[in-house]
$ cat entry.pdb   # PDB, C-alpha atoms
MODEL        1
ATOM      1  CA  HIS A 170    -118.056 -28.119 113.840
ATOM      2  CA  LEU A 171    -117.644 -31.832 114.375
ATOM      3  CA  PHE A 172    -119.203 -35.171 113.459
ATOM      4  CA  ASP A 173    -121.433 -33.807 110.696
ATOM      5  CA  ARG A 174    -122.829 -31.074 112.949
ATOM      6  CA  LEU A 175    -122.255 -27.330 112.736
ATOM      7  CA  ALA A 176    -121.601 -25.388 115.912
ATOM      8  CA  ASP A 177    -124.296 -22.949 117.025
ATOM      9  CA  LEU A 178    -122.878 -20.187 114.847
ATOM     10  CA  ARG A 179    -125.871 -17.913 115.206
ATOM     11  CA  GLY A 180    -125.452 -17.973 118.982
ATOM     12  CA  VAL A 181    -121.666 -17.703 118.887
ATOM     13  CA  CYS A 182    -121.747 -14.780 116.446
ATOM     14  CA  GLU A 183    -124.415 -12.992 118.497
ATOM     15  CA  VAL A 184    -122.369 -13.274 121.714
ATOM     16  CA  ALA A 185    -119.251 -12.153 119.832
ATOM     17  CA  ARG A 186    -121.089  -9.172 118.345
ATOM     18  CA  ARG A 187    -122.358  -8.046 121.761
ATOM     19  CA  ARG A 188    -118.865  -8.282 123.248
ATOM     20  CA  GLY A 189    -116.917  -6.848 120.336
ATOM     21  CA  LEU A 190    -115.174 -10.143 119.539
ATOM     22  CA  THR A 191    -114.140 -11.658 116.224
ATOM     23  CA  VAL A 192    -115.268 -15.176 115.305
ATOM     24  CA  LEU A 193    -112.797 -17.400 113.455
ATOM     25  CA  GLU A 194    -114.318 -20.814 112.854
ATOM     26  CA  ASP A 195    -112.468 -24.097 113.252
ATOM     27  CA  SER A 196    -113.824 -25.616 110.048
ATOM     28  CA  ALA A 197    -111.333 -28.479 109.807
ATOM     29  CA  GLU A 198    -114.177 -31.022 109.847
ATOM     30  CA  ALA A 199    -116.751 -28.939 107.978
ATOM     31  CA  ILE A 200    -115.824 -28.787 104.294
ATOM     32  CA  GLY A 201    -119.079 -28.847 102.339
ATOM     33  CA  MET A 202    -121.297 -27.924 105.293
ATOM     34  CA  ARG A 203    -123.473 -24.814 105.116
ATOM     35  CA  LEU A 204    -125.553 -22.620 107.397
ATOM     36  CA  ASP A 205    -128.400 -20.945 105.500
ATOM     37  CA  GLY A 206    -126.452 -21.365 102.256
ATOM     38  CA  THR A 207    -123.176 -19.963 103.628
ATOM     39  CA  HIS A 208    -120.227 -22.358 103.746
ATOM     40  CA  ALA A 209    -118.780 -23.200 107.149
ATOM     41  CA  GLY A 210    -115.701 -21.069 107.622
ATOM     42  CA  LEU A 211    -117.369 -18.037 106.064
ATOM     43  CA  VAL A 212    -120.095 -17.352 108.639
ATOM     44  CA  GLY A 213    -117.837 -15.472 111.048
ATOM     45  CA  ALA A 214    -114.921 -13.225 110.106
ATOM     46  CA  GLY A 215    -113.152 -16.271 108.728
ATOM     47  CA  GLY A 216    -112.367 -19.898 109.236
ATOM     48  CA  VAL A 217    -109.559 -22.403 109.018
ATOM     49  CA  LEU A 218    -109.582 -25.615 107.016
ATOM     50  CA  SER A 219    -107.448 -28.696 107.481
ATOM     51  CA  PHE A 220    -106.353 -30.732 104.495
ATOM     52  CA  PHE A 221    -104.719 -33.483 106.576
ATOM     53  CA  PRO A 222    -104.866 -36.776 104.625
ATOM     54  CA  SER A 223    -107.769 -38.164 106.687
ATOM     55  CA  LYS A 224    -110.022 -35.141 106.031
ATOM     56  CA  THR A 225    -112.848 -34.976 103.493
ATOM     57  CA  LEU A 226    -110.546 -33.034 101.163
ATOM     58  CA  GLY A 227    -107.138 -34.381 102.100
ATOM     59  CA  ALA A 228    -103.661 -33.700 100.804
ATOM     60  CA  ILE A 229    -100.889 -36.302 101.068
ATOM     61  CA  GLY A 230     -99.241 -34.440 103.942
ATOM     62  CA  ASP A 231     -99.905 -31.516 106.235
ATOM     63  CA  ALA A 232    -101.794 -28.635 104.657
ATOM     64  CA  GLY A 233    -104.442 -26.114 105.595
ATOM     65  CA  ALA A 234    -105.985 -22.804 104.644
ATOM     66  CA  LEU A 235    -107.457 -19.681 106.171
ATOM     67  CA  LEU A 236    -110.653 -18.260 104.670
ATOM     68  CA  THR A 237    -111.402 -14.586 105.295
ATOM     69  CA  ASP A 238    -112.469 -11.417 103.557
ATOM     70  CA  ASP A 239    -111.115  -9.285 106.411
ATOM     71  CA  ASP A 240    -107.973  -7.476 105.219
ATOM     72  CA  ASP A 241    -106.508  -7.122 108.731
ATOM     73  CA  ILE A 242    -106.907 -10.842 109.493
ATOM     74  CA  ALA A 243    -105.428 -11.744 106.099
ATOM     75  CA  GLU A 244    -102.432  -9.438 106.579
ATOM     76  CA  THR A 245    -101.734 -10.828 110.053
ATOM     77  CA  ALA A 246    -102.041 -14.407 108.778
ATOM     78  CA  ARG A 247     -99.631 -13.719 105.915
ATOM     79  CA  ALA A 248     -97.054 -12.391 108.377
ATOM     80  CA  LEU A 249     -97.556 -15.298 110.806
ATOM     81  CA  ARG A 250     -97.087 -17.920 108.077
ATOM     82  CA  HIS A 251     -93.811 -16.327 106.923
ATOM     83  CA  HIS A 252     -91.733 -16.124 110.096
ATOM     84  CA  GLY A 253     -93.677 -13.050 111.244
ATOM     85  CA  ARG A 254     -92.433 -10.922 108.368
ATOM     86  CA  ALA A 255     -94.590  -8.198 106.875
ATOM     87  CA  GLY A 256     -95.050  -7.653 103.170
ATOM     88  CA  ARG A 257     -93.898  -9.846 100.350
ATOM     89  CA  THR A 258     -91.012 -12.295 100.512
ATOM     90  CA  LEU A 259     -88.242 -10.047  99.223
ATOM     91  CA  ASP A 260     -85.216 -11.369 101.119
ATOM     92  CA  HIS A 261     -83.400 -12.120  97.881
ATOM     93  CA  PHE A 262     -83.527  -8.436  96.816
ATOM     94  CA  PRO A 263     -80.855  -6.447  98.702
ATOM     95  CA  GLY A 264     -82.009  -3.132 100.113
ATOM     96  CA  ILE A 265     -85.721  -3.952 100.143
ATOM     97  CA  ALA A 266     -87.162  -4.087 103.650
ATOM     98  CA  ASN A 267     -89.105  -7.104 104.852
ATOM     99  CA  PRO A 268     -89.367  -6.433 108.607
ATOM    100  CA  THR A 269     -90.315  -8.990 111.224
ATOM    101  CA  VAL A 270     -93.466  -7.687 112.924
ATOM    102  CA  LEU A 271     -94.715 -10.789 114.766
ATOM    103  CA  SER A 272     -93.390 -14.000 116.213
ATOM    104  CA  GLY A 273     -94.336 -16.315 113.351
ATOM    105  CA  CYS A 274     -93.331 -19.609 111.801
ATOM    106  CA  ASN A 275     -92.896 -21.210 108.386
ATOM    107  CA  SER A 276     -96.422 -22.372 107.549
ATOM    108  CA  LYS A 277     -96.876 -22.287 103.819
ATOM    109  CA  MET A 278     -98.540 -25.049 101.818
ATOM    110  CA  ASP A 279     -96.068 -26.577  99.387
ATOM    111  CA  ASP A 280     -96.760 -26.968  95.672
ATOM    112  CA  LEU A 281     -97.174 -30.751  95.852
ATOM    113  CA  GLN A 282     -99.951 -30.533  98.461
ATOM    114  CA  ALA A 283    -101.662 -27.779  96.445
ATOM    115  CA  ALA A 284    -101.505 -29.866  93.250
ATOM    116  CA  VAL A 285    -103.000 -32.920  94.990
ATOM    117  CA  LEU A 286    -105.804 -30.827  96.483
ATOM    118  CA  LEU A 287    -106.541 -29.164  93.157
ATOM    119  CA  ALA A 288    -106.830 -32.585  91.491
ATOM    120  CA  LYS A 289    -109.148 -33.867  94.252
ATOM    121  CA  LEU A 290    -111.343 -30.767  94.256
ATOM    122  CA  ALA A 291    -113.294 -31.886  91.177
ATOM    123  CA  GLY A 292    -114.612 -34.938  93.055
ATOM    124  CA  LEU A 293    -115.390 -33.178  96.335
ATOM    125  CA  ASP A 294    -119.166 -32.801  95.907
ATOM    126  CA  ALA A 295    -119.578 -36.414  94.767
ATOM    127  CA  GLY A 296    -117.447 -37.630  97.683
ATOM    128  CA  ILE A 297    -119.496 -35.661 100.204
ATOM    129  CA  ALA A 298    -122.743 -36.981  98.689
ATOM    130  CA  ARG A 299    -121.456 -40.568  98.864
ATOM    131  CA  ARG A 300    -120.384 -40.214 102.510
ATOM    132  CA  SER A 301    -123.765 -38.713 103.352
ATOM    133  CA  GLU A 302    -125.530 -41.628 101.662
ATOM    134  CA  LEU A 303    -123.425 -44.135 103.590
ATOM    135  CA  ALA A 304    -124.016 -42.298 106.881
ATOM    136  CA  THR A 305    -127.783 -42.460 106.304
ATOM    137  CA  ARG A 306    -127.521 -46.218 105.722
ATOM    138  CA  TYR A 307    -125.466 -46.629 108.901
ATOM    139  CA  ASP A 308    -128.075 -44.640 110.842
ATOM    140  CA  ALA A 309    -130.897 -46.880 109.614
ATOM    141  CA  ARG A 310    -129.035 -50.102 110.330
ATOM    142  CA  LEU A 311    -127.773 -49.064 113.753
ATOM    143  CA  LEU A 312    -131.263 -48.078 114.854
ATOM    144  CA  ALA A 313    -132.599 -51.433 113.649
ATOM    145  CA  LEU A 314    -130.345 -53.294 116.099
ATOM    146  CA  PRO A 315    -131.966 -54.557 119.302
ATOM    147  CA  LEU A 316    -129.417 -52.585 121.335
ATOM    148  CA  TYR A 317    -131.731 -49.594 121.702
ATOM    149  CA  PRO A 318    -135.286 -50.876 122.076
ATOM    150  CA  ASP A 319    -138.291 -48.554 122.289
ATOM    151  CA  LEU A 320    -136.432 -45.307 121.719
ATOM    152  CA  SER A 321    -138.285 -42.074 121.138
ATOM    153  CA  ASP A 322    -137.343 -40.134 117.998
ATOM    154  CA  ALA A 323    -135.259 -37.730 120.109
ATOM    155  CA  ASP A 324    -133.409 -40.611 121.786
ATOM    156  CA  ALA A 325    -132.878 -42.326 118.435
ATOM    157  CA  ASP A 326    -131.347 -39.111 117.067
ATOM    158  CA  ARG A 327    -129.081 -38.919 120.129
ATOM    159  CA  VAL A 328    -127.896 -42.506 119.585
ATOM    160  CA  CYS A 329    -127.076 -41.730 115.955
ATOM    161  CA  ASP A 330    -125.240 -38.577 117.038
ATOM    162  CA  GLU A 331    -123.180 -40.529 119.580
ATOM    163  CA  VAL A 332    -121.954 -43.087 117.047
ATOM    164  CA  ALA A 333    -121.775 -40.748 114.050
ATOM    165  CA  GLY A 334    -118.204 -39.779 114.850
ATOM    166  CA  PHE A 335    -117.084 -43.288 114.048
ATOM    167  CA  TYR A 336    -118.172 -43.143 110.434
ATOM    168  CA  ARG A 337    -119.337 -39.681 109.320
ATOM    169  CA  GLY A 338    -117.038 -37.375 107.438
ATOM    170  CA  ARG A 339    -114.531 -40.105 106.701
ATOM    171  CA  PRO A 340    -113.747 -41.312 103.189
ATOM    172  CA  GLY A 341    -116.148 -44.023 102.072
TER     173      GLY A 341
ENDMDL
END

$ encode --input "entry.pdb" --output "structure tokens"
Amino acid sequence: HLFDRLADLRGVCEVARRRGLTVLEDSAEAIGMRLDGTHAGLVGAGGVLSFFPSKTLGAIGDAGALLTDDDDIAETARALRHHGRAGRTLDHFPGIANPTVLSGCNSKMDDLQAAVLLAKLAGLDAGIARRSELATRYDARLLALPLYPDLSDADADRVCDEVAGFYRGRPG
């Protein structure tokens, strides 16, 4: 998913199904986008979101999330984000096992990033609507320039797609 366009998820999921593969979507640029009413990141077995400051829903530092309803994926992700350790973080309780089961890292969102994101969440829909409105205005004005004379509708759409990455999905 990139530049206000969803990947061909129907096709990707069909190929994955035929081959016994799991689809995890890179939804870093797709917050607010939907396929047939289903949010990007929830079409496959799960998806990842980026909350980097420049994203549609941005924290003030590095942050991200995994979306899934698959218990195995969730359990693996929990271990990976906590140095590869299984189960809850119980290091401070002597005698309670917390074994390392994977080669992981320390990848947990801190409370400050979570608080900023929670505060921004209320304005997410309005922000997406505003960016969409601005993108539509850019489309109209770019196509009115004499740079692309006598374009067919398909070519005009292609031109808008080519330049969309410069202004779509960015804060207005």

$ resolve_selection --input "entry.pdb" --expression "the PyMOL selection byres ((chain A and resi 233-237) around 7)" --output "ChimeraX atom specification"
/A:210-211,214-220,232,238-239,243

$ atom_distance --input "entry.pdb" --atom1 "CA of Thr245 (chain A)" --atom2 "CA of Val181 (chain A)"
22.9 Å

$ closest_residue --input "entry.pdb" --among "A:Gly189, A:Gly201, A:Gly213, A:Pro315" --to "Ala298 (chain A)" --atoms "all atoms listed in the file"
A:Gly201

$ residues_near_point --input "entry.pdb" --point "(-99.0, -23.7, 99.6)" --cutoff "12 Å" --atoms "only C-alpha atoms" --output "NGL selection string"
:A and (220 or 228 or 230-235 or 247 or 250-251 or 275-287)

$ atom_distance --input "entry.pdb" --atom1 "CA of Ser272 (chain A)" --atom2 "CA of Gly253 (chain A)"
5.1 Å

$ closest_residue --input "entry.pdb" --among "A:Thr191, A:Leu178, A:Ile200, A:Leu312" --to "Asp241 (chain A)" --atoms "only C-alpha atoms"
A:Thr191

$ atom_distance --input "entry.pdb" --atom1 "CA of Ala209 (chain A)" --atom2 "CA of Ser196 (chain A)"
6.2 Å

$ closest_residue --input "entry.pdb" --among "A:His170, A:Arg254, A:Arg203, A:Arg188" --to "Val270 (chain A)" --atoms "all atoms listed in the file"
A:Arg254
